[in-house]
$ cat start.txt   # compact mmCIF, C-alpha atoms
# COMPACT_ATOMS: atom_id res chain seq x y z
CA MET A 30 82.01 74.57 77.90
CA ASP A 31 83.56 74.94 74.43
CA LEU A 32 86.99 73.63 73.52
CA GLY A 33 88.40 77.12 72.84
CA THR A 34 87.67 78.26 76.43
CA ILE A 35 89.26 75.10 77.84
CA ILE A 36 92.40 75.58 75.70
CA TRP A 37 92.77 79.27 76.64
CA ASN A 38 92.23 78.48 80.34
CA THR A 39 94.79 75.68 80.13
CA ILE A 40 97.32 78.12 78.64
CA ALA A 41 96.53 80.54 81.49
CA LEU A 42 97.00 77.72 84.01
CA PHE A 43 100.33 76.69 82.47
CA LEU A 44 101.60 80.29 82.63
CA THR A 45 100.35 80.66 86.23
CA VAL A 46 102.31 77.53 87.22
CA CYS A 47 105.35 78.84 85.27
CA ILE A 48 105.35 81.99 87.39
CA PHE A 49 104.77 80.11 90.64
CA SER A 50 107.75 77.87 89.80
CA PHE A 51 109.97 80.84 90.70
CA LEU A 52 109.21 80.04 94.36
CA TYR A 53 111.53 77.03 93.94
CA LYS A 54 114.22 78.93 92.02
CA ASP A 55 114.77 80.88 88.79
CA ASN A 56 114.15 78.41 85.94
CA PRO A 57 113.49 78.29 82.17
CA PHE A 58 109.68 78.07 82.62
CA TYR A 59 109.63 81.27 84.66
CA LYS A 60 111.92 83.02 82.18
CA PHE A 61 109.69 81.90 79.30
CA ALA A 62 106.57 83.41 80.94
CA GLU A 63 108.48 86.53 81.96
CA HIS A 64 109.73 87.24 78.43
CA LEU A 65 106.36 86.40 76.93
CA VAL A 66 104.60 88.98 79.11
CA VAL A 67 107.22 91.62 78.21
CA GLY A 68 106.53 91.21 74.48
CA VAL A 69 102.77 90.82 74.83
CA SER A 70 102.33 93.83 77.15
CA ALA A 71 104.48 96.09 74.95
CA GLY A 72 102.49 95.08 71.86
CA TYR A 73 99.16 95.33 73.65
CA PHE A 74 99.71 98.85 74.98
CA ALA A 75 101.17 100.06 71.66
CA ILE A 76 98.04 98.92 69.80
CA ILE A 77 95.64 100.21 72.47
CA LEU A 78 97.41 103.60 72.44
CA PHE A 79 97.25 103.64 68.65
CA TYR A 80 93.50 102.97 68.56
CA ASN A 81 92.64 105.19 71.54
CA GLY A 82 95.17 107.95 70.85
CA PHE A 83 96.26 108.22 67.25
CA VAL A 84 92.98 107.24 65.55
CA PRO A 85 90.60 109.61 67.42
CA LYS A 86 93.14 112.43 67.87
CA VAL A 87 94.82 112.48 64.44
CA TRP A 88 93.39 110.07 61.88
CA ILE A 89 89.67 110.89 62.25
CA PRO A 90 90.07 114.71 62.68
CA VAL A 91 92.39 114.97 59.62
CA THR A 92 90.73 112.50 57.24
CA THR A 93 87.04 112.99 58.03
CA ARG A 94 86.78 116.55 59.41
CA GLY A 95 89.69 118.16 57.58
CA GLU A 96 91.18 119.51 60.83
CA TRP A 97 94.71 119.70 59.45
CA TRP A 98 96.12 121.28 62.61
CA TYR A 99 96.01 117.83 64.22
CA LEU A 100 98.94 116.95 61.94
CA LEU A 101 101.16 119.19 64.08
CA PRO A 102 101.30 116.82 67.10
CA ALA A 103 101.90 113.92 64.69
CA ILE A 104 104.87 115.79 63.20
CA LEU A 105 106.13 116.57 66.71
CA GLY A 106 105.69 112.88 67.55
CA VAL A 107 107.72 111.79 64.52
CA MET A 108 110.41 114.26 65.61
CA THR A 109 110.89 112.25 68.84
CA TRP A 110 112.23 109.39 66.70
CA THR A 111 115.35 111.42 65.88
CA ARG A 112 116.55 110.31 69.35
CA PHE A 113 118.06 107.28 67.61
CA SER A 114 120.50 109.41 65.61
CA LYS A 115 123.40 111.06 67.44
CA LYS A 116 123.57 113.70 64.72
CA TRP A 117 119.86 114.61 64.67
CA ALA A 118 118.87 113.87 68.28
CA TRP A 119 118.66 117.59 69.05
CA ILE A 120 115.51 117.85 66.87
CA SER A 121 113.60 115.68 69.38
CA ARG A 122 114.16 118.36 72.02
CA PHE A 123 111.48 120.58 70.47
CA SER A 124 108.74 117.97 70.70
CA ILE A 125 109.87 116.88 74.18
CA ALA A 126 109.94 120.56 75.25
CA PHE A 127 106.39 121.06 73.92
CA TYR A 128 105.25 117.89 75.72
CA MET A 129 106.93 118.97 78.96
CA GLY A 130 105.52 122.49 78.76
CA ILE A 131 101.94 121.32 78.27
CA ALA A 132 102.26 118.56 80.88
CA VAL A 133 103.79 120.70 83.64
CA GLY A 134 101.47 123.61 82.81
CA VAL A 135 98.46 121.35 83.36
CA ALA A 136 100.00 119.59 86.39
CA LEU A 137 101.03 122.74 88.26
CA PRO A 138 97.58 124.09 89.28
CA LEU A 139 95.96 120.66 89.39
CA GLU A 140 98.54 119.15 91.74
CA MET A 141 98.34 122.23 93.95
CA GLN A 142 94.57 121.91 94.06
CA GLN A 143 94.23 118.13 94.31
CA ARG A 144 97.10 117.24 96.62
CA VAL A 145 97.92 120.33 98.66
CA VAL A 146 94.79 122.51 98.98
CA LYS A 147 92.31 119.62 99.30
CA GLN A 148 94.42 117.83 101.90
CA LEU A 149 94.91 121.05 103.87
CA HIS A 150 91.17 121.75 103.66
CA ALA A 151 90.37 118.25 104.92
CA THR A 152 92.80 118.76 107.83
CA MET A 153 91.01 121.90 109.07
CA LEU A 154 88.89 119.93 111.53
CA PRO A 155 86.96 121.25 114.55
CA VAL A 156 88.96 120.78 117.74
CA HIS A 157 86.83 120.42 120.88
CA PHE A 158 86.63 118.26 123.98
CA MET A 159 82.90 117.57 124.05
CA ASP A 160 83.49 114.05 122.74
CA ILE A 161 86.44 111.88 121.79
CA GLN A 162 86.24 112.84 118.08
CA GLY A 163 87.33 116.39 118.89
CA PHE A 164 90.47 114.99 120.50
CA TRP A 165 91.14 112.68 117.51
CA ASN A 166 90.78 115.73 115.23
CA LEU A 167 93.49 117.47 117.27
CA LEU A 168 95.66 114.37 116.90
CA ILE A 169 95.17 114.38 113.10
CA ILE A 170 96.12 118.08 112.87
CA LEU A 171 99.20 117.56 115.06
CA GLY A 172 100.11 114.42 113.10
CA VAL A 173 99.97 116.22 109.75
CA LEU A 174 101.99 119.20 111.06
CA CYS A 175 104.61 116.99 112.73
CA GLY A 176 104.84 114.78 109.63
CA LEU A 177 105.48 117.88 107.52
CA VAL A 178 108.07 119.14 110.03
CA TYR A 179 109.92 115.81 109.67
CA PHE A 180 110.23 116.42 105.90
CA PHE A 181 111.34 120.05 106.41
CA PHE A 182 115.11 120.02 106.27
CA SER A 183 115.76 123.77 106.01
CA VAL A 184 115.80 124.00 109.83
CA GLU A 185 117.97 121.76 111.99
CA HIS A 186 115.91 119.17 113.87
CA LYS A 187 116.76 120.41 117.38
CA GLY A 188 114.69 121.67 120.31
CA ALA A 189 110.96 122.10 119.60
CA VAL A 190 111.45 121.37 115.90
CA GLY A 191 113.34 118.20 116.80
CA GLY A 192 110.55 117.10 119.14
CA ALA A 193 107.93 117.73 116.47
CA ALA A 194 110.02 115.85 113.90
CA ARG A 195 110.35 112.91 116.33
CA LEU A 196 106.58 112.78 116.82
CA GLY A 197 106.28 113.13 113.03
CA ILE A 198 108.41 110.03 112.36
CA TRP A 199 106.30 108.06 114.86
CA ILE A 200 103.14 109.06 113.03
CA LEU A 201 104.77 108.27 109.68
CA MET A 202 105.85 104.83 110.93
CA ILE A 203 102.24 104.07 111.89
CA GLY A 204 101.23 105.18 108.37
CA PHE A 205 103.90 102.99 106.76
CA GLY A 206 102.93 100.04 108.95
CA ALA A 207 99.28 100.42 107.96
CA GLY A 208 100.30 100.75 104.30
CA PHE A 209 102.43 97.62 104.55
CA GLY A 210 99.63 95.68 106.22
CA LEU A 211 97.15 96.69 103.52
CA THR A 212 99.65 95.78 100.77
CA VAL A 213 100.20 92.33 102.27
CA MET A 214 96.45 91.77 102.46
CA GLY A 215 96.11 92.85 98.81
CA ARG A 216 98.80 90.39 97.70
CA ILE A 217 97.20 87.59 99.73
CA SER A 218 93.88 88.35 97.99
CA LEU A 219 95.60 88.03 94.61
CA LEU A 220 97.18 84.75 95.70
CA ALA A 221 93.78 83.44 96.82
CA ASP A 222 92.38 84.47 93.42
CA ARG A 223 95.06 82.53 91.54
CA ILE A 224 94.50 79.42 93.69
CA GLN A 225 90.77 79.73 93.11
CA PHE A 226 91.44 79.99 89.35
CA MET A 227 93.42 76.73 89.44
CA ARG A 228 90.61 75.02 91.33
CA GLU A 229 88.04 76.27 88.81
CA TRP A 230 90.21 75.03 85.94
CA TYR A 231 90.34 71.59 87.55
CA LEU A 232 86.55 71.52 87.96
CA MET A 233 86.05 72.76 84.38
CA VAL A 234 88.32 70.09 82.88
CA THR A 235 86.94 67.23 84.96
CA GLN A 236 83.40 68.28 84.04
CA ALA A 237 84.33 68.47 80.34
CA LEU A 238 86.08 65.09 80.40
CA TRP A 239 83.78 63.04 82.62
CA GLY A 240 80.75 65.23 82.98
CA ALA A 241 81.15 65.19 86.76
CA MET B 6 118.68 127.57 68.91
CA ARG B 7 119.25 124.00 70.05
CA GLY B 8 119.64 125.00 73.70
CA GLN B 9 117.50 128.10 74.21
CA LEU B 10 114.48 127.49 71.96
CA PRO B 11 113.28 124.34 73.79
CA ILE B 12 113.43 126.27 77.09
CA LEU B 13 111.35 129.06 75.52
CA ILE B 14 108.84 126.49 74.20
CA VAL B 15 108.50 124.97 77.69
CA PHE B 16 108.06 128.40 79.27
CA VAL B 17 105.44 129.66 76.78
CA SER B 18 103.40 126.44 76.61
CA GLY B 19 103.69 125.85 80.37
CA VAL B 20 102.53 129.36 81.33
CA PHE B 21 99.80 129.24 78.66
CA MET B 22 98.33 126.03 80.11
CA ALA B 23 98.82 126.98 83.78
CA ILE B 24 97.23 130.44 83.78
CA GLN B 25 94.09 129.15 82.06
CA TYR B 26 93.14 127.70 85.43
CA PHE B 27 93.03 131.19 87.00
CA ILE B 28 91.20 133.03 84.19
CA PRO B 29 87.40 133.48 84.43
CA HIS B 30 85.40 131.48 81.86
CA ASP B 31 84.45 134.36 79.50
CA ALA B 32 87.97 135.76 79.34
CA GLY B 33 89.25 132.18 78.96
CA VAL B 34 87.04 131.65 75.91
CA PHE B 35 88.38 134.91 74.42
CA PHE B 36 92.03 133.93 74.90
CA TYR B 37 91.83 130.17 74.46
CA GLU B 38 89.41 129.74 71.54
CA TYR B 39 89.88 130.61 67.89
CA GLY B 40 87.77 129.38 64.98
CA GLY B 41 86.10 126.70 67.11
CA VAL B 42 89.44 125.30 68.30
CA PHE B 43 89.92 125.30 72.06
CA PHE B 44 93.66 125.55 72.62
CA TYR B 45 93.55 123.99 76.09
CA GLU B 46 91.91 120.79 74.82
CA TYR B 47 94.12 120.92 71.72
CA GLY B 48 97.22 121.05 73.95
CA LEU B 49 96.00 117.99 75.89
CA ASP B 50 95.31 116.14 72.62
CA CYS B 51 98.79 117.05 71.40
CA ILE B 52 100.56 115.42 74.34
CA ILE B 53 98.48 112.26 73.91
CA VAL B 54 99.54 112.03 70.25
CA ILE B 55 103.21 112.77 71.05
CA GLY B 56 102.95 110.07 73.74
CA VAL B 57 101.73 107.54 71.13
CA PHE B 58 104.78 108.23 68.95
CA ALA B 59 107.09 108.16 71.98
CA MET B 60 105.60 104.74 72.85
CA LEU B 61 106.65 103.51 69.40
CA LEU B 62 110.14 104.79 70.24
CA GLY B 63 110.11 102.47 73.26
CA ILE B 64 108.77 99.55 71.20
CA TRP B 65 111.55 100.04 68.65
CA SER B 66 114.11 100.12 71.47
CA LEU B 67 112.73 96.85 72.90
CA PHE B 68 112.77 95.29 69.42
CA ARG B 69 116.41 96.29 68.81
CA VAL B 70 117.61 95.01 72.20
CA GLN B 71 115.90 91.63 71.78
CA LEU B 72 116.93 91.34 68.11
CA ASP B 73 120.57 92.05 69.02
CA LYS B 74 120.48 89.22 71.56
CA VAL B 75 119.11 86.83 68.94
CA ALA B 76 121.58 87.97 66.25
CA LYS B 77 124.58 87.61 68.58
CA ARG B 78 123.28 84.33 70.04
CA SER B 79 123.75 85.85 73.52
CA PRO B 80 123.01 83.62 76.55
CA GLY B 81 119.24 83.17 76.80
CA TRP B 82 118.59 84.37 73.24
CA GLY B 83 115.74 81.88 72.95
CA TYR B 84 113.77 83.93 75.50
CA SER B 85 114.26 86.98 73.29
CA VAL B 86 112.59 85.03 70.48
CA VAL B 87 109.62 84.48 72.83
CA ALA B 88 109.48 88.22 73.66
CA LEU B 89 109.68 89.14 69.98
CA GLY B 90 107.01 86.55 69.16
CA GLY B 91 104.64 88.04 71.74
CA LEU B 92 105.37 91.56 70.51
CA PHE B 93 104.78 90.70 66.84
CA PHE B 94 101.64 88.69 67.56
CA MET B 95 100.06 91.66 69.31
CA MET B 96 101.35 94.30 66.89
CA ILE B 97 100.05 92.36 63.87
CA GLY B 98 97.05 90.74 65.57
CA GLY B 99 95.56 94.05 66.74
CA PRO B 100 95.15 95.63 63.30
CA LEU B 101 94.39 92.24 61.67
CA TRP B 102 91.58 90.98 63.95
CA GLY B 103 90.63 94.21 65.72
CA ILE B 104 90.68 94.92 69.44
CA GLU B 105 87.11 93.99 70.33
CA GLU B 106 86.26 91.39 72.98
CA GLY B 107 86.54 87.82 71.67
CA THR B 108 89.27 88.55 69.12
CA PRO B 109 92.61 86.66 69.45
CA PHE B 110 94.18 90.00 70.45
CA MET B 111 91.93 90.29 73.51
CA GLN B 112 92.04 86.56 74.25
CA VAL B 113 95.84 86.86 74.58
CA PHE B 114 95.30 89.82 76.90
CA TRP B 115 92.85 87.94 79.13
CA TYR B 116 94.48 84.48 79.10
CA ILE B 117 98.20 85.30 78.83
CA TYR B 118 98.86 88.86 80.02
CA THR B 119 96.35 89.00 82.92
CA PRO B 120 97.20 85.63 84.57
CA ILE B 121 100.95 86.27 84.36
CA GLN B 122 100.61 89.77 85.83
CA ALA B 123 98.23 88.64 88.59
CA THR B 124 100.48 85.68 89.50
CA MET B 125 103.58 87.88 89.54
CA PHE B 126 101.90 90.24 91.98
CA SER B 127 100.58 87.35 94.08
CA LEU B 128 104.14 85.96 94.21
CA LEU B 129 105.03 89.02 96.21
CA ALA B 130 102.82 87.69 99.03
CA PHE B 131 105.59 85.14 99.72
CA TYR B 132 108.53 87.51 99.35
CA ILE B 133 106.88 90.29 101.32
CA ALA B 134 106.68 87.89 104.28
CA SER B 135 110.45 87.25 104.29
CA ALA B 136 111.10 90.96 103.72
CA ALA B 137 108.81 91.73 106.65
CA TYR B 138 110.73 89.34 108.89
CA ARG B 139 113.99 91.16 108.13
CA ALA B 140 112.49 94.65 108.35
CA PHE B 141 110.25 94.10 111.34
CA ARG B 142 112.62 92.49 113.80
CA ALA B 143 111.73 94.77 116.69
CA ARG B 144 115.20 96.17 117.29
CA THR B 145 114.18 99.83 117.60
CA VAL B 146 111.12 101.66 118.85
CA LEU B 147 110.26 102.80 115.30
CA ALA B 148 110.51 99.24 113.91
CA THR B 149 108.30 98.03 116.76
CA ILE B 150 105.65 100.66 115.95
CA LEU B 151 105.74 99.59 112.28
CA LEU B 152 105.48 95.91 113.24
CA LEU B 153 102.58 96.35 115.67
CA THR B 154 100.61 98.57 113.28
CA ALA B 155 101.07 96.15 110.39
CA MET B 156 100.03 93.21 112.60
CA VAL B 157 96.84 94.97 113.74
CA ILE B 158 95.93 95.88 110.13
CA MET B 159 96.67 92.40 108.77
CA LEU B 160 94.68 90.64 111.47
CA ARG B 161 91.65 92.90 111.35
CA LEU B 162 89.71 90.67 108.92
CA ILE B 163 90.79 87.37 110.49
CA PRO B 164 88.38 85.76 112.97
CA LEU B 165 90.27 85.74 116.26
CA GLY B 166 87.49 85.04 118.74
CA ALA B 167 87.07 87.52 121.57
CA ILE B 168 89.82 89.88 120.43
CA SER B 169 88.39 90.29 116.89
CA GLY B 170 86.07 93.13 117.89
CA PRO B 171 88.65 95.26 119.78
CA ASN B 172 91.26 94.54 117.07
CA GLN B 173 88.88 95.75 114.36
CA LYS B 174 88.12 98.90 116.34
CA LEU B 175 91.83 99.55 116.84
CA ALA B 176 92.54 98.94 113.13
CA THR B 177 89.78 101.36 112.14
CA TRP B 178 91.15 103.97 114.56
CA ILE B 179 94.67 103.52 113.15
CA LEU B 180 93.41 103.96 109.59
CA MET B 181 91.19 106.95 110.45
CA VAL B 182 93.53 108.91 112.75
CA PRO B 183 97.34 108.40 112.77
CA SER B 184 97.59 106.66 109.38
CA MET B 185 95.38 109.31 107.78
CA ALA B 186 97.55 112.06 109.30
CA ALA B 187 100.70 110.36 107.97
CA ASN B 188 99.18 109.91 104.49
CA ARG B 189 98.09 113.56 104.42
CA ALA B 190 101.56 114.75 105.38
CA ILE B 191 103.06 112.56 102.65
CA LEU B 192 100.50 113.70 100.04
CA ILE B 193 101.06 117.37 100.86
CA GLY B 194 104.82 116.79 100.64
CA ILE B 195 104.45 115.04 97.27
CA GLY B 196 102.16 117.83 96.00
CA LEU B 197 104.59 120.56 97.03
CA GLY B 198 107.45 118.59 95.47
CA ILE B 199 105.58 118.22 92.16
CA VAL B 200 104.66 121.92 92.13
CA ALA B 201 108.28 122.92 92.84
CA THR B 202 109.53 120.61 90.07
CA CYS B 203 106.93 121.98 87.61
CA LEU B 204 108.04 125.53 88.41
CA LYS B 205 111.70 124.57 87.96
CA ILE B 206 110.92 123.06 84.55
CA ILE B 207 108.80 126.01 83.38
CA LEU B 208 111.44 128.51 84.50
CA GLY B 209 114.24 126.55 82.81
CA ILE B 210 116.10 125.66 86.03
CA GLU B 211 115.54 121.93 85.54
CA ARG B 212 116.71 120.85 82.07
CA ALA B 213 117.45 117.14 82.45
CA TYR B 214 114.61 116.28 80.02
CA MET B 215 116.64 117.81 77.16
CA GLY B 216 119.35 115.14 77.44
CA HIS B 217 122.93 115.78 76.41
CA ASP B 218 124.64 116.58 73.13
$ encode --input "start.txt" --output "structure tokens"
Amino acid sequence: MDLGTIIWNTIALFLTVCIFSFLYKDNPFYKFAEHLVVGVSAGYFAIILFYNGFVPKVWIPVTTRGEWWYLLPAILGVMTWTRFSKKWAWISRFSIAFYMGIAVGVALPLEMQQRVVKQLHATMLPVHFMDIQGFWNLLIILGVLCGLVYFFFSVEHKGAVGGAARLGIWILMIGFGAGFGLTVMGRISLLADRIQFMREWYLMVTQALWGA
Amino acid sequence: MRGQLPILIVFVSGVFMAIQYFIPHDAGVFFYEYGGVFFYEYGLDCIIVIGVFAMLLGIWSLFRVQLDKVAKRSPGWGYSVVALGGLFFMMIGGPLWGIEEGTPFMQVFWYIYTPIQATMFSLLAFYIASAAYRAFRARTVLATILLLTAMVIMLRLIPLGAISGPNQKLATWILMVPSMAANRAILIGIGLGIVATCLKIILGIERAYMGHD
């Protein structure tokens, strides 16, 4: 194990302990790690976006292939910076409007297809009573319909609609409970991973120091 | 011009991108390609590039806020120095050493950013437990359903002797039947909400993105 790896892992261990120290109370070590990650993550994603966005989408097309029309989004991008001036902030509206137009134009059919149509298609299940699955399929269909009725506020939740909405909230509560349970298990897995990391650091350092 | 032109830009570019999805391929090539440039892909590239510049807007904002704290010696200004240090190291280190594996830029990502993020998320394992205690106190039928479902899901991978098998079967049934129905209802609701919002933006009904004068 080389010294560089041990030093980097020790830094990682120190920062891990800094964050865990918040379990006692808010303290300078936690705040140090918190502010460090804010700066590092902002810088990291700015550079990654620059190399994966600006370089292949503007720099290479313009400088190597002479595709000058890729300067247009760069100009629009620079226009967003006028947000800092009260006098010239209105200029940024044009680039934001272009961004919004393209983004919602792409999202509109895709969201309809991916979220609505596909989910509806998957809900069109065969209902039969030859085995238990046919009954569960009926339960899924009813669950989806009742869940949607619960979110439909244009009609007052009374009578049959009220009954469906009540069944809908029951189904939704089961969904939220399952989601909560899965989230807790995910966090516990992360916690186990961090504890395992600390154990591995200890083994690495003791091996490096005493060869044991 | 300041008020109406952006709305026109949103309408034209939004409709242009949306209807491409419904046009057959040959007609799409006729309308969406000129001189080897495919306008649909070009539009997608454009928003990536605008996003890069908008990201720099956010970086500048972060820089100004932290610098102000340092300049005014506000309480906790030393932490702002740490944030600025991290920001500058990455902003300078990326172009200086490159962003390949093994460079200081990536080492900072793997040994500073990743452990802090992972530990912060794992910290939630503790707080989620106390939040669960407050939320799950079985005072109503709905809270009881939530509590029981979460318990079954959380215990499904824990060895519990004789009840492990039935608990796993129940957990699988919950995930495959009622939970799936709930998730589908939520997803369809989200999808319809996004579509409605997209239409409102394209048609100029929703204009919050333009800000105020």
$ atom_distance --input "start.txt" --atom1 "atom CA of A:Gly188" --atom2 "atom CA of B:Ala190"
21.1 Å
$ atom_distance --input "start.txt" --atom1 "atom CA of B:Arg7" --atom2 "atom CA of B:Phe21"
21.9 Å
$ atom_distance --input "start.txt" --atom1 "atom CA of A:Gln225" --atom2 "atom CA of B:Tyr118"
17.9 Å
$ residues_around --input "start.txt" --residues "B:Gly8" --least-positions-apart "4" --cutoff "12 Å" --atoms "only C-alpha atoms" --output "JSON, numbers by chain"
{"A": [119, 120, 121, 122, 123, 126], "B": [12, 13, 14, 15, 209, 212, 213, 214, 215, 216, 217, 218]}
$ write_last_selection --input "start.txt" --atoms "C-alpha atoms" --output "mmCIF file, keeping the file's coordinate frame"
data_model
loop_
_atom_site.group_PDB
_atom_site.id
_atom_site.type_symbol
_atom_site.label_atom_id
_atom_site.label_comp_id
_atom_site.auth_asym_id
_atom_site.auth_seq_id
_atom_site.Cartn_x
_atom_site.Cartn_y
_atom_site.Cartn_z
ATOM 1 C CA TRP A 119 118.660 117.590 69.050
ATOM 2 C CA ILE A 120 115.510 117.850 66.870
ATOM 3 C CA SER A 121 113.600 115.680 69.380
ATOM 4 C CA ARG A 122 114.160 118.360 72.020
ATOM 5 C CA PHE A 123 111.480 120.580 70.470
ATOM 6 C CA ALA A 126 109.940 120.560 75.250
ATOM 7 C CA ILE B 12 113.430 126.270 77.090
ATOM 8 C CA LEU B 13 111.350 129.060 75.520
ATOM 9 C CA ILE B 14 108.840 126.490 74.200
ATOM 10 C CA VAL B 15 108.500 124.970 77.690
ATOM 11 C CA GLY B 209 114.240 126.550 82.810
ATOM 12 C CA ARG B 212 116.710 120.850 82.070
ATOM 13 C CA ALA B 213 117.450 117.140 82.450
ATOM 14 C CA TYR B 214 114.610 116.280 80.020
ATOM 15 C CA MET B 215 116.640 117.810 77.160
ATOM 16 C CA GLY B 216 119.350 115.140 77.440
ATOM 17 C CA HIS B 217 122.930 115.780 76.410
ATOM 18 C CA ASP B 218 124.640 116.580 73.130
#
$ residues_around --input "start.txt" --residues "B:Glu46" --least-positions-apart "5" --cutoff "12 Å" --atoms "all atoms listed in the file" --output "ChimeraX atom specification"
/A:86,99,131,135 /B:22,25,34,37-38,41,51-53
$ closest_residue --input "start.txt" --among "A:Val67, A:Met227, A:Leu52, A:Ala189" --to "B:Phe68" --atoms "all atoms listed in the file"
A:Val67
$ residues_around --input "start.txt" --residues "A:Ala75" --least-positions-apart "3" --cutoff "12 Å" --atoms "only C-alpha atoms" --output "PyMOL selection string"
(chain A and resi 68-72+78-83) or (chain B and resi 56-65+92-93+95-100+104)
$ write_last_selection --input "start.txt" --atoms "C-alpha atoms" --output "PDB file, in the frame of the given file"
ATOM      1  CA  GLY A  68     106.530  91.210  74.480  1.00  0.00           C
ATOM      2  CA  VAL A  69     102.770  90.820  74.830  1.00  0.00           C
ATOM      3  CA  SER A  70     102.330  93.830  77.150  1.00  0.00           C
ATOM      4  CA  ALA A  71     104.480  96.090  74.950  1.00  0.00           C
ATOM      5  CA  GLY A  72     102.490  95.080  71.860  1.00  0.00           C
ATOM      6  CA  LEU A  78      97.410 103.600  72.440  1.00  0.00           C
ATOM      7  CA  PHE A  79      97.250 103.640  68.650  1.00  0.00           C
ATOM      8  CA  TYR A  80      93.500 102.970  68.560  1.00  0.00           C
ATOM      9  CA  ASN A  81      92.640 105.190  71.540  1.00  0.00           C
ATOM     10  CA  GLY A  82      95.170 107.950  70.850  1.00  0.00           C
ATOM     11  CA  PHE A  83      96.260 108.220  67.250  1.00  0.00           C
TER      12      PHE A  83
ATOM     13  CA  GLY B  56     102.950 110.070  73.740  1.00  0.00           C
ATOM     14  CA  VAL B  57     101.730 107.540  71.130  1.00  0.00           C
ATOM     15  CA  PHE B  58     104.780 108.230  68.950  1.00  0.00           C
ATOM     16  CA  ALA B  59     107.090 108.160  71.980  1.00  0.00           C
ATOM     17  CA  MET B  60     105.600 104.740  72.850  1.00  0.00           C
ATOM     18  CA  LEU B  61     106.650 103.510  69.400  1.00  0.00           C
ATOM     19  CA  LEU B  62     110.140 104.790  70.240  1.00  0.00           C
ATOM     20  CA  GLY B  63     110.110 102.470  73.260  1.00  0.00           C
ATOM     21  CA  ILE B  64     108.770  99.550  71.200  1.00  0.00           C
ATOM     22  CA  TRP B  65     111.550 100.040  68.650  1.00  0.00           C
ATOM     23  CA  LEU B  92     105.370  91.560  70.510  1.00  0.00           C
ATOM     24  CA  PHE B  93     104.780  90.700  66.840  1.00  0.00           C
ATOM     25  CA  MET B  95     100.060  91.660  69.310  1.00  0.00           C
ATOM     26  CA  MET B  96     101.350  94.300  66.890  1.00  0.00           C
ATOM     27  CA  ILE B  97     100.050  92.360  63.870  1.00  0.00           C
ATOM     28  CA  GLY B  98      97.050  90.740  65.570  1.00  0.00           C
ATOM     29  CA  GLY B  99      95.560  94.050  66.740  1.00  0.00           C
ATOM     30  CA  PRO B 100      95.150  95.630  63.300  1.00  0.00           C
ATOM     31  CA  ILE B 104      90.680  94.920  69.440  1.00  0.00           C
TER      32      ILE B 104
END
$ closest_residue --input "start.txt" --among "A:Glu96, A:Glu229, A:Asp160, A:Asp55" --to "chain B" --atoms "all atoms listed in the file"
A:Glu96
$ closest_residue --input "start.txt" --among "B:Leu153, B:Ile210, B:Ala88, B:Val113" --to "chain A" --atoms "only C-alpha atoms"
B:Ala88
$ residues_around --input "start.txt" --residues "A:Leu219" --least-positions-apart "5" --cutoff "12 Å" --atoms "all atoms listed in the file" --output "PyMOL selection string"
(chain A and resi 212-214+224-226) or (chain B and resi 119-131)
$ decode --input "start.txt" --residues "stretch 34-43 of chain B" --atoms "N, CA and C atoms" --output "mmCIF file, in the first residue's frame"
data_model
loop_
_atom_site.group_PDB
_atom_site.id
_atom_site.type_symbol
_atom_site.label_atom_id
_atom_site.label_comp_id
_atom_site.auth_asym_id
_atom_site.auth_seq_id
_atom_site.Cartn_x
_atom_site.Cartn_y
_atom_site.Cartn_z
ATOM 1 N N VAL B 34 -37.331 14.343 -41.503
ATOM 2 C CA VAL B 34 -36.034 14.680 -42.111
ATOM 3 C C VAL B 34 -36.184 15.923 -42.985
ATOM 4 N N PHE B 35 -37.307 16.011 -43.727
ATOM 5 C CA PHE B 35 -37.540 17.158 -44.608
ATOM 6 C C PHE B 35 -37.639 18.458 -43.812
ATOM 7 N N PHE B 36 -38.381 18.408 -42.702
ATOM 8 C CA PHE B 36 -38.612 19.630 -41.916
ATOM 9 C C PHE B 36 -37.486 19.938 -40.935
ATOM 10 N N TYR B 37 -36.814 18.897 -40.450
ATOM 11 C CA TYR B 37 -35.893 19.095 -39.326
ATOM 12 C C TYR B 37 -34.421 19.012 -39.719
ATOM 13 N N GLU B 38 -34.113 18.899 -41.013
ATOM 14 C CA GLU B 38 -32.713 18.785 -41.422
ATOM 15 C C GLU B 38 -32.430 19.786 -42.534
ATOM 16 N N TYR B 39 -31.324 20.506 -42.386
ATOM 17 C CA TYR B 39 -30.910 21.420 -43.452
ATOM 18 C C TYR B 39 -29.379 21.463 -43.480
ATOM 19 N N GLY B 40 -28.822 21.173 -44.635
ATOM 20 C CA GLY B 40 -27.360 21.220 -44.780
ATOM 21 C C GLY B 40 -26.632 20.314 -43.807
ATOM 22 N N GLY B 41 -27.205 19.156 -43.496
ATOM 23 C CA GLY B 41 -26.543 18.207 -42.594
ATOM 24 C C GLY B 41 -26.752 18.516 -41.120
ATOM 25 N N VAL B 42 -27.473 19.602 -40.822
ATOM 26 C CA VAL B 42 -27.728 19.946 -39.417
ATOM 27 C C VAL B 42 -29.129 19.450 -39.040
ATOM 28 N N PHE B 43 -29.202 18.624 -38.034
ATOM 29 C CA PHE B 43 -30.496 18.150 -37.559
ATOM 30 C C PHE B 43 -30.944 19.067 -36.420
#
